[in-house]
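Peer 1: I'm passing along structure_29.tsv; it holds TSV, C-alpha atoms.
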```
chain	number	residue	atom	x	y	z
A	1	MET	CA	80.87	141.47	70.28
A	2	ARG	CA	82.37	138.47	68.84
A	3	ARG	CA	81.83	135.53	71.17
A	4	PRO	CA	79.10	132.94	70.54
A	5	LEU	CA	76.62	132.44	73.35
A	6	SER	CA	76.84	128.67	73.09
A	7	ARG	CA	79.47	126.03	72.60
A	8	ALA	CA	76.83	123.59	71.37
A	9	PRO	CA	76.94	123.09	67.60
A	10	LEU	CA	74.57	125.56	65.98
A	11	LEU	CA	73.28	123.24	63.31
A	12	LEU	CA	70.59	125.66	62.27
A	13	CYS	CA	72.96	128.45	61.30
A	14	SER	CA	75.21	126.27	59.21
A	15	ALA	CA	72.44	125.72	56.67
A	16	LEU	CA	71.68	129.40	56.16
A	17	LEU	CA	73.03	130.84	52.94
A	18	LEU	CA	71.67	134.04	51.50
A	19	THR	CA	71.27	134.55	47.81
A	20	THR	CA	71.51	138.31	47.59
A	21	GLY	CA	74.32	139.80	45.58
A	22	CYS	CA	76.78	142.42	46.69
A	23	GLU	CA	78.15	145.69	45.41
A	24	SER	CA	81.69	145.78	44.15
A	25	MET	CA	84.34	145.75	46.82
A	26	LYS	CA	86.39	148.39	45.04
A	27	PRO	CA	86.68	151.82	46.70
A	28	ARG	CA	84.14	154.11	45.16
A	29	ALA	CA	83.61	157.84	45.04
A	30	VAL	CA	80.55	158.94	46.99
A	31	SER	CA	78.74	162.16	47.76
A	32	PRO	CA	79.03	163.09	51.42
A	33	SER	CA	76.19	164.74	53.27
A	34	ASP	CA	78.15	167.86	54.22
A	35	GLY	CA	78.73	168.98	50.67
A	36	THR	CA	82.43	168.17	50.42
A	37	THR	CA	83.78	166.08	47.57
A	38	ALA	CA	84.87	162.66	48.73
A	39	THR	CA	87.45	160.80	46.70
A	40	ALA	CA	88.16	157.15	47.24
A	41	THR	CA	91.74	156.48	48.24
A	42	ALA	CA	93.97	155.00	45.61
A	43	GLN	CA	95.58	151.61	45.97
A	44	PRO	CA	99.33	151.72	46.60
A	45	ASP	CA	101.73	151.68	43.70
A	46	ALA	CA	103.33	148.27	43.68
A	47	SER	CA	106.56	149.87	42.50
A	48	ALA	CA	106.72	152.35	45.36
A	49	PRO	CA	109.44	151.63	47.91
A	50	THR	CA	108.28	150.48	51.30
A	51	GLU	CA	109.95	150.21	54.65
A	52	ALA	CA	110.65	146.87	56.22
A	53	SER	CA	107.86	145.06	58.01
A	54	VAL	CA	107.24	146.90	61.28
A	55	LEU	CA	105.01	146.90	64.31
A	56	ASP	CA	103.74	150.45	64.78
A	57	ALA	CA	102.01	151.31	68.02
A	58	GLY	CA	101.39	154.96	67.23
A	59	ALA	CA	102.63	157.97	69.16
A	60	PRO	CA	101.89	157.83	72.90
A	61	ASP	CA	99.95	160.65	74.52
A	62	THR	CA	102.13	162.96	76.57
A	63	PRO	CA	101.37	166.14	78.53
A	64	ALA	CA	102.63	168.09	75.49
A	65	THR	CA	100.29	166.17	73.11
A	66	PRO	CA	97.02	165.52	74.95
A	67	SER	CA	94.51	163.12	73.47
A	68	PRO	CA	92.00	164.73	71.09
A	69	TRP	CA	89.31	162.87	73.02
A	70	GLN	CA	89.83	165.41	75.80
A	71	ARG	CA	88.63	168.05	73.34
A	72	ALA	CA	85.64	166.10	72.02
A	73	ARG	CA	82.70	168.32	71.05
A	74	VAL	CA	79.06	167.66	70.29
A	75	GLY	CA	78.67	167.30	66.52
A	76	ASP	CA	82.11	165.80	65.87
A	77	ARG	CA	81.35	163.31	63.15
A	78	VAL	CA	82.92	160.91	60.65
A	79	GLU	CA	81.19	158.99	57.89
A	80	TYR	CA	82.49	155.98	55.96
A	81	ALA	CA	81.23	153.97	53.03
A	82	PHE	CA	81.32	150.28	53.88
A	83	SER	CA	80.91	147.04	52.02
A	84	ALA	CA	81.33	143.38	52.87
A	85	HIS	CA	80.97	140.22	50.84
A	86	ARG	CA	81.31	136.49	51.38
A	87	GLY	CA	81.46	133.96	48.59
A	88	ARG	CA	79.64	130.64	48.61
A	89	PRO	CA	81.62	127.50	47.75
A	90	GLY	CA	80.71	126.25	44.29
A	91	ALA	CA	78.36	129.17	43.59
A	92	ASP	CA	78.62	132.29	41.45
A	93	THR	CA	76.74	134.39	43.99
A	94	GLY	CA	77.36	135.15	47.63
A	95	VAL	CA	76.06	137.30	50.42
A	96	GLY	CA	76.87	140.94	50.86
A	97	VAL	CA	75.89	144.26	52.35
A	98	ALA	CA	76.93	147.85	51.61
A	99	GLY	CA	76.09	151.35	52.76
A	100	HIS	CA	77.35	154.11	55.04
A	101	VAL	CA	78.22	154.13	58.73
A	102	THR	CA	78.33	157.33	60.76
A	103	LEU	CA	79.88	157.98	64.17
A	104	GLU	CA	78.76	161.19	65.87
A	105	VAL	CA	79.31	162.73	69.28
A	106	VAL	CA	75.86	163.66	70.63
A	107	SER	CA	76.77	164.60	74.21
A	108	VAL	CA	79.87	165.41	76.23
A	109	GLN	CA	79.56	164.93	79.99
A	110	ALA	CA	83.04	164.40	81.43
A	111	PRO	CA	84.47	161.85	81.69
A	112	TRP	CA	82.20	160.53	78.90
A	113	ALA	CA	81.61	161.40	75.28
A	114	TRP	CA	78.37	159.80	74.07
A	115	LEU	CA	78.35	158.63	70.45
A	116	THR	CA	75.74	157.25	68.12
A	117	VAL	CA	76.63	154.57	65.55
A	118	THR	CA	74.28	154.51	62.56
A	119	PHE	CA	74.32	152.25	59.50
A	120	THR	CA	72.31	153.33	56.43
A	121	ASP	CA	72.15	152.66	52.72
A	122	ASP	CA	73.86	155.01	50.27
A	123	GLN	CA	70.83	157.35	50.34
A	124	GLY	CA	70.78	157.59	54.13
A	125	ARG	CA	67.81	155.26	54.62
A	126	PRO	CA	67.75	152.51	57.26
A	127	LEU	CA	69.15	149.19	56.11
A	128	ALA	CA	66.85	146.19	55.91
A	129	HIS	CA	69.43	143.86	57.42
A	130	PRO	CA	68.32	143.11	61.03
A	131	ARG	CA	71.80	143.48	62.51
A	132	LEU	CA	72.39	146.91	60.95
A	133	SER	CA	68.86	148.34	60.91
A	134	GLN	CA	68.95	150.36	64.15
A	135	PRO	CA	71.29	153.08	65.49
A	136	ARG	CA	73.30	152.20	68.59
A	137	VAL	CA	74.57	154.30	71.51
A	138	LEU	CA	78.22	154.15	72.54
A	139	PRO	CA	79.55	155.87	75.71
A	140	MET	CA	83.28	156.50	75.28
A	141	ARG	CA	85.46	157.38	78.25
A	142	MET	CA	87.63	160.37	77.32
A	143	GLU	CA	90.24	159.42	79.89
A	144	GLU	CA	92.36	156.28	80.04
A	145	THR	CA	92.31	153.89	82.96
A	146	GLN	CA	95.35	152.26	81.37
A	147	PRO	CA	97.27	152.73	78.09
A	148	TRP	CA	95.69	151.15	75.02
A	149	LYS	CA	97.86	150.88	71.92
A	150	ASP	CA	96.76	150.87	68.29
A	151	GLU	CA	99.20	148.39	66.74
A	152	HIS	CA	99.65	148.14	62.99
A	153	ARG	CA	101.53	145.25	61.44
A	154	GLY	CA	103.02	144.87	58.00
A	155	GLN	CA	104.94	146.95	55.51
A	156	ARG	CA	104.72	150.65	56.19
A	157	SER	CA	104.92	153.33	53.50
A	158	ALA	CA	104.32	157.08	53.38
A	159	GLU	CA	102.03	158.70	50.84
A	160	GLN	CA	99.81	161.69	50.21
A	161	THR	CA	96.18	161.07	49.33
A	162	THR	CA	92.90	162.91	48.87
A	163	ALA	CA	89.78	161.92	50.78
A	164	ALA	CA	86.63	163.80	51.82
A	165	GLY	CA	87.77	166.90	49.90
A	166	ARG	CA	91.09	167.22	51.70
A	167	THR	CA	94.68	166.19	51.07
A	168	TRP	CA	96.25	164.11	53.81
A	169	ASP	CA	99.79	163.07	54.62
A	170	ALA	CA	99.29	159.43	55.44
A	171	ARG	CA	100.83	156.10	56.42
A	172	ARG	CA	99.86	152.86	54.76
A	173	PHE	CA	100.22	149.48	56.47
A	174	LEU	CA	100.08	146.45	54.19
A	175	ASP	CA	100.03	143.06	55.91
A	176	ASP	CA	99.90	140.20	53.41
A	177	ARG	CA	99.45	136.81	55.03
A	178	ARG	CA	98.17	135.05	51.91
A	179	PRO	CA	101.33	132.96	51.55
A	180	SER	CA	100.34	131.30	54.84
A	181	ASP	CA	96.61	131.10	53.97
A	182	GLY	CA	95.85	134.29	55.88
A	183	PRO	CA	94.13	137.54	54.85
A	184	LEU	CA	95.48	140.61	53.10
A	185	GLN	CA	94.99	143.66	55.33
A	186	ASN	CA	95.40	147.17	53.95
A	187	ARG	CA	95.11	150.19	56.26
A	188	LEU	CA	95.63	153.88	55.47
A	189	TYR	CA	95.84	156.42	58.31
A	190	ALA	CA	96.35	160.18	58.39
A	191	ASN	CA	99.62	161.09	60.11
A	192	GLU	CA	97.71	163.63	62.21
A	193	PRO	CA	94.20	162.34	63.02
A	194	GLY	CA	92.81	165.84	63.52
A	195	PRO	CA	89.03	165.73	62.92
A	196	LEU	CA	89.26	161.96	62.35
A	197	TYR	CA	90.27	161.25	65.96
A	198	LEU	CA	87.13	159.13	66.48
A	199	THR	CA	88.75	156.44	64.32
A	200	HIS	CA	92.45	157.20	64.93
A	201	GLY	CA	92.70	159.04	61.62
A	202	LEU	CA	91.49	156.16	59.42
A	203	LEU	CA	91.17	157.06	55.73
A	204	ASP	CA	90.66	153.61	54.26
A	205	ALA	CA	90.70	150.01	55.47
A	206	SER	CA	90.19	146.75	53.62
A	207	THR	CA	90.58	143.07	54.38
A	208	THR	CA	90.60	140.37	51.71
A	209	LEU	CA	90.11	136.80	52.88
A	210	SER	CA	92.26	134.02	51.53
A	211	GLY	CA	93.03	130.38	52.16
A	212	PHE	CA	91.10	127.39	53.48
A	213	GLY	CA	88.28	128.01	51.01
A	214	ALA	CA	87.61	131.53	52.32
A	215	SER	CA	86.38	134.07	49.81
A	216	GLY	CA	85.31	137.62	50.51
A	217	SER	CA	86.31	141.03	51.74
A	218	GLN	CA	85.22	144.02	53.80
A	219	GLN	CA	86.09	147.70	53.44
A	220	LEU	CA	85.68	151.15	55.00
A	221	THR	CA	86.39	154.32	53.00
A	222	LEU	CA	86.18	157.85	54.41
A	223	VAL	CA	83.31	159.88	52.96
A	224	SER	CA	83.02	162.98	55.12
A	225	PHE	CA	83.85	164.52	58.47
A	226	ARG	CA	82.52	167.41	60.50
A	227	GLN	CA	83.71	169.28	63.58
A	228	GLY	CA	81.20	170.18	66.25
A	229	SER	CA	80.44	172.94	68.74
A	230	ASP	CA	80.81	173.46	72.46
A	231	ALA	CA	77.20	172.52	73.23
A	232	ALA	CA	76.76	169.91	75.99
A	233	GLY	CA	74.05	167.92	74.21
A	234	ASN	CA	71.54	165.58	75.80
A	235	VAL	CA	72.81	162.27	77.14
A	236	PRO	CA	71.01	159.44	75.32
A	237	VAL	CA	69.61	156.45	77.19
A	238	LEU	CA	71.28	153.07	76.77
A	239	ASP	CA	68.19	151.23	75.56
A	240	ARG	CA	69.98	150.11	72.39
A	241	PRO	CA	73.66	150.01	73.27
A	242	TRP	CA	76.30	148.81	70.87
A	243	GLY	CA	77.89	147.22	73.91
A	244	PRO	CA	80.22	149.50	75.89
A	245	GLY	CA	78.71	150.53	79.20
A	246	THR	CA	76.82	147.25	79.64
A	247	TRP	CA	77.26	143.69	80.86
A	248	TYR	CA	75.44	140.39	80.43
A	249	ASP	CA	75.61	136.95	82.06
A	250	VAL	CA	75.52	133.54	80.40
A	251	ARG	CA	74.76	130.35	82.32
A	252	GLN	CA	76.66	127.33	80.99
A	253	ASP	CA	75.84	123.70	81.73
A	254	LEU	CA	78.60	121.67	80.15
A	255	SER	CA	79.51	118.05	80.90
A	256	GLY	CA	77.52	118.14	84.12
A	257	THR	CA	79.16	121.33	85.41
A	258	SER	CA	77.31	124.63	85.78
A	259	SER	CA	78.92	128.07	85.76
A	260	VAL	CA	78.06	131.69	85.00
A	261	ARG	CA	80.16	133.79	82.66
A	262	ARG	CA	79.90	137.58	82.78
A	263	VAL	CA	80.82	139.69	79.76
A	264	CYS	CA	81.78	143.31	80.54
A	265	LEU	CA	81.95	145.82	77.69
A	266	GLY	CA	83.59	149.23	77.79
A	267	ALA	CA	85.24	151.88	75.61
A	268	GLU	CA	88.08	154.35	76.20
A	269	ARG	CA	89.70	156.89	73.87
A	270	GLY	CA	88.79	155.17	70.63
A	271	PHE	CA	89.10	151.56	71.80
A	272	VAL	CA	86.30	149.07	72.43
A	273	LEU	CA	86.98	146.85	75.45
A	274	ARG	CA	85.72	143.37	76.26
A	275	LYS	CA	86.41	141.28	79.34
A	276	GLU	CA	84.97	137.98	80.51
A	277	LEU	CA	84.64	137.18	84.21
A	278	THR	CA	83.59	134.04	86.02
A	279	GLY	CA	80.45	134.59	88.04
A	280	PRO	CA	78.46	137.76	88.80
A	281	THR	CA	80.32	140.49	90.66
A	282	GLY	CA	77.54	142.04	92.73
A	283	ASP	CA	76.96	145.77	93.09
A	284	ALA	CA	79.96	146.72	90.92
A	285	PRO	CA	79.39	144.52	87.88
A	286	CYS	CA	82.29	145.84	85.77
A	287	ALA	CA	84.51	147.76	88.17
A	288	ASP	CA	87.77	146.53	86.66
A	289	LEU	CA	88.46	146.39	82.92
A	290	ARG	CA	92.20	145.87	83.29
A	291	ASP	CA	93.55	143.23	80.92
A	292	ALA	CA	90.45	143.53	78.74
A	293	GLU	CA	90.64	142.76	75.03
A	294	ALA	CA	91.07	146.12	73.29
A	295	GLN	CA	90.01	146.72	69.70
A	296	PRO	CA	90.34	150.06	67.85
A	297	LEU	CA	86.92	151.51	67.13
A	298	GLU	CA	87.49	151.42	63.38
A	299	GLU	CA	88.36	147.72	63.53
A	300	ALA	CA	85.22	147.13	65.58
A	301	LEU	CA	83.20	148.76	62.79
A	302	LEU	CA	84.78	146.47	60.22
A	303	ALA	CA	84.07	143.48	62.44
A	304	ALA	CA	80.43	144.55	62.90
A	305	VAL	CA	79.91	144.67	59.13
A	306	SER	CA	81.67	141.33	58.66
A	307	GLU	CA	79.63	139.66	61.40
A	308	ALA	CA	76.40	141.08	60.02
A	309	ILE	CA	76.67	139.15	56.77
A	310	GLY	CA	77.11	136.00	58.84
A	311	GLN	CA	73.62	136.66	60.22
A	312	PRO	CA	70.52	135.78	58.17
A	313	GLN	CA	68.30	138.47	56.74
A	314	GLN	CA	65.21	136.54	57.76
A	315	TRP	CA	64.29	136.19	61.43
A	316	PRO	CA	64.24	133.86	63.22
A	317	PRO	CA	67.05	131.99	61.46
A	318	ALA	CA	65.21	128.77	60.59
A	319	ALA	CA	66.96	126.09	58.54
A	320	ALA	CA	65.28	124.57	55.50
A	321	GLY	CA	63.54	121.28	56.20
A	322	THR	CA	62.98	121.86	59.92
A	323	ALA	CA	59.68	122.36	61.67
A	324	PRO	CA	58.33	125.92	61.84
A	325	PRO	CA	59.30	127.77	65.03
A	326	ARG	CA	56.79	128.01	67.84
A	327	ARG	CA	56.19	131.17	69.81
A	328	GLU	CA	56.57	131.29	73.58
A	329	THR	CA	57.63	133.69	76.30
A	330	PHE	CA	61.15	133.16	77.57
A	331	THR	CA	62.00	134.77	80.92
A	332	VAL	CA	65.49	136.03	81.75
A	333	ALA	CA	65.98	137.46	85.25
A	334	GLN	CA	62.49	139.02	85.50
A	335	HIS	CA	62.50	140.02	81.81
A	336	PRO	CA	59.67	138.28	79.89
A	337	ILE	CA	60.81	138.11	76.26
A	338	PRO	CA	58.60	137.13	73.29
A	339	ALA	CA	60.59	134.34	71.65
A	340	PHE	CA	60.77	131.80	68.86
A	341	ILE	CA	61.79	128.22	69.68
A	342	LEU	CA	63.29	126.01	66.98
A	343	GLU	CA	64.08	122.30	67.14
A	344	ALA	CA	66.41	120.29	64.93
A	345	PRO	CA	68.09	116.88	65.06
A	346	ALA	CA	71.51	116.99	66.72
A	347	GLY	CA	74.40	114.62	66.15
A	348	GLU	CA	74.44	111.00	65.09
A	349	GLY	CA	74.19	107.66	66.85
A	350	ALA	CA	71.71	105.11	68.07
A	351	GLU	CA	70.16	107.47	70.60
A	352	ARG	CA	68.20	110.39	69.23
A	353	ARG	CA	69.19	113.90	70.25
A	354	VAL	CA	67.45	117.21	69.64
A	355	GLN	CA	68.88	120.71	69.66
A	356	VAL	CA	66.45	123.30	71.02
A	357	THR	CA	67.33	126.92	70.25
A	358	THR	CA	65.48	129.99	71.50
A	359	TYR	CA	65.72	133.39	69.80
A	360	ALA	CA	64.17	136.73	70.67
A	361	ALA	CA	61.17	137.33	68.41
A	362	ASP	CA	62.30	140.94	67.91
A	363	PRO	CA	66.03	141.47	68.57
A	364	TRP	CA	65.43	145.23	68.83
A	365	GLY	CA	62.24	145.01	70.90
A	366	ALA	CA	61.70	146.87	74.17
A	367	ALA	CA	61.92	143.58	76.09
A	368	LEU	CA	65.68	143.64	75.44
A	369	ASN	CA	66.32	147.29	76.34
A	370	GLY	CA	69.83	147.69	77.71
A	371	LEU	CA	71.17	144.45	76.20
A	372	ALA	CA	74.40	144.64	74.19
A	373	ASP	CA	74.16	144.25	70.42
A	374	GLU	CA	76.24	141.08	70.39
A	375	ALA	CA	73.86	139.21	72.70
A	376	ARG	CA	70.63	140.26	70.92
A	377	PHE	CA	71.35	138.14	67.86
A	378	MET	CA	72.65	135.09	69.68
A	379	PRO	CA	70.33	132.43	71.02
A	380	LEU	CA	68.65	133.32	74.29
A	381	ALA	CA	69.08	129.63	75.07
A	382	ASP	CA	70.65	126.73	73.23
A	383	ALA	CA	70.56	123.17	74.57
A	384	VAL	CA	70.94	119.59	73.41
A	385	TYR	CA	68.52	116.98	74.80
A	386	ARG	CA	68.76	113.20	74.70
A	387	SER	CA	65.40	111.94	73.51
A	388	PRO	CA	64.77	108.28	74.48
A	389	PRO	CA	62.00	106.32	72.71
A	390	LYS	CA	59.92	106.56	75.89
A	391	GLY	CA	59.88	109.10	78.65
A	392	LYS	CA	60.93	112.74	78.92
A	393	ARG	CA	63.85	114.38	77.23
A	394	VAL	CA	67.07	114.48	79.25
A	395	PRO	CA	69.05	117.75	79.07
A	396	GLU	CA	72.74	117.48	78.27
A	397	ASP	CA	74.90	120.50	77.39
A	398	GLY	CA	73.37	123.95	77.12
A	399	THR	CA	73.79	127.68	77.57
A	400	ALA	CA	71.30	130.45	78.32
A	401	LEU	CA	71.26	134.20	78.79
A	402	ALA	CA	70.94	134.71	82.54
A	403	GLY	CA	70.75	138.49	82.94
A	404	TRP	CA	72.06	141.86	81.79
A	405	GLY	CA	72.43	145.45	82.88
A	406	LYS	CA	74.26	148.78	82.56
A	407	TRP	CA	77.34	149.76	84.51
A	408	VAL	CA	77.52	153.25	83.01
A	409	ILE	CA	74.56	155.15	84.42
A	410	ASP	CA	72.68	157.30	81.90
A	411	GLY	CA	74.17	160.72	82.43
A	412	GLY	CA	77.67	159.36	83.10
A	413	ARG	CA	79.48	157.83	86.02
```
Represent the structure contained in this file as structure tokens.
Peer 2:
Amino acid sequence: MRRPLSRAPLLLCSALLLTTGCESMKPRAVSPSDGTTATATAQPDASAPTEASVLDAGAPDTPATPSPWQRARVGDRVEYAFSAHRGRPGADTGVGVAGHVTLEVVSVQAPWAWLTVTFTDDQGRPLAHPRLSQPRVLPMRMEETQPWKDEHRGQRSAEQTTAAGRTWDARRFLDDRRPSDGPLQNRLYANEPGPLYLTHGLLDASTTLSGFGASGSQQLTLVSFRQGSDAAGNVPVLDRPWGPGTWYDVRQDLSGTSSVRRVCLGAERGFVLRKELTGPTGDAPCADLRDAEAQPLEEALLAAVSEAIGQPQQWPPAAAGTAPPRRETFTVAQHPIPAFILEAPAGEGAERRVQVTTYAADPWGAALNGLADEARFMPLADAVYRSPPKGKRVPEDGTALAGWGKWVIDGGR
């Protein structure tokens, strides 16, 4: 959910700066939907003693302490307030977004727990931002195919805090990389995840950017939680997947060489998995997720919010001063997709070059059913053409979406 579809310079996106303001990044008290009183977690006392910098991988599951995912129930739910902001160099305003994000188990069909991921404003209404406007489906395997570790770096300290109407014994991890132009990361976890197992017991998480002209932050703060029932629930279809359970292919034509890259997305016991393969893999598109990149679900939520404010609120993302986009139908592996095509000058030199970028007209439209979130908002195709004074354009480097599908069958596999 993080890789760009193209290596070609996306000149269009670099000119897009939004002018909307942002809510304060400070933790704030909010009113949860289940009637409990939610209290924002306090910042750590600078005078409080802390342990030495450690790498904490959490307690491993053993037969005596089975994973709470094995006891997942329909209706298990956590809700967080979120906010993210990015400053603009030389400007008093920046771009930001804020609201609530809810994870809820809607079906349990072993070995899968099916979750929905929903972003809303503070009143529970859909957000206007294209990237966060629609709920997503997330199939989570309740069993592990291999151990995944939730590693926390930085200074560790113990504290007791109140959140979502409950007092928690907690661990704080403070990783300050600002002296080396890195971010400040602050994470607070319940010692016993209990009903917060969906996000490893996360109570509060914030990241403050620093160095190299970076300015901004993102935050998650627990608002409410709910425990479910033993109902089986109805398995949702994967028309609008967040990513896990699906794959997509990208054709790359770089420096005269063509190749196909497959991205496989999965999720197990609170971790989101991503693995890139070279070339399609036939009837078993994502049979092996060993050695995949693993990201805790709560960190994936933070990343989703952060990435969203890097996307424009208008669609398609046209740069000022370029020609209006033209509408065409772009076909990907038997999928006709209504699309916008934008053109812009590319590079410098005596010979003129043009960058041609194709976007889906509606990133959430039915034409893209089954496609992972991360690929919907990337270009369907992005290519640079050499444009001689006479004659046809000559394609140079380019990438294009070549196909997609589901490897988790609706109803579980």
Peer 1: Hey, can you check how far atom CA of A:Ala170 sits from atom CA of A:Tyr189?
Peer 2: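 Rounded to one decimal, the two atoms are 5.4 Å apart.
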Peer 1: In Å, how far is it from atom CA of A:Thr357 to atom CA of A:Leu302?
Peer 2: 28.1 Å
Peer 1: So, with only C-alpha atoms as the atoms that count, which of A:Arg172, A:Lys390, A:Arg353, A:Lys149 lies closest to A:Ala294?
Peer 2: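 Looking only at the distances to A:Ala294, the closest residue turns out to be A:Lys149.
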Peer 1: Can you tell me, as a list in words, what residues are no more than 8 Å from A:Gln160 when counting all atoms listed in the file, ignoring any on the same chain fewer than 6 positions away?
Peer 2: Thr167, Trp168, Asp169 and Ala170 of chain A
Peer 1: Counting all atoms listed in the file, give me one row per residue of stretch 179-275 of chain A with an atom at most 6 Å from an atom of stretch 367-383 of chain A, showing the shortest contact pair and its distance in Å to one decimal, sorted by chain then residue number, as CSV.
Peer 2:
```
residue,atom,partner,partner_atom,distance
A:Leu238,CA,A:Gly370,CA,5.7
A:Asp239,CA,A:Asn369,CA,4.4
A:Arg240,CA,A:Gly370,CA,5.8
A:Pro241,CA,A:Ala372,CA,5.5
A:Trp242,CA,A:Asp373,CA,5.1
A:Gly243,CA,A:Ala372,CA,4.3
```
Peer 1: Could you give me, as a VMD selection string, the residues that have an atom at most 12 Å away from the point (89.5, 160.6, 71.1) in the coordinates of the file, using all atoms listed in the file?
Peer 2: chain A and resid 61 66 to 73 76 to 77 104 to 105 108 111 to 115 139 to 144 148 193 to 201 267 to 271 296 to 297
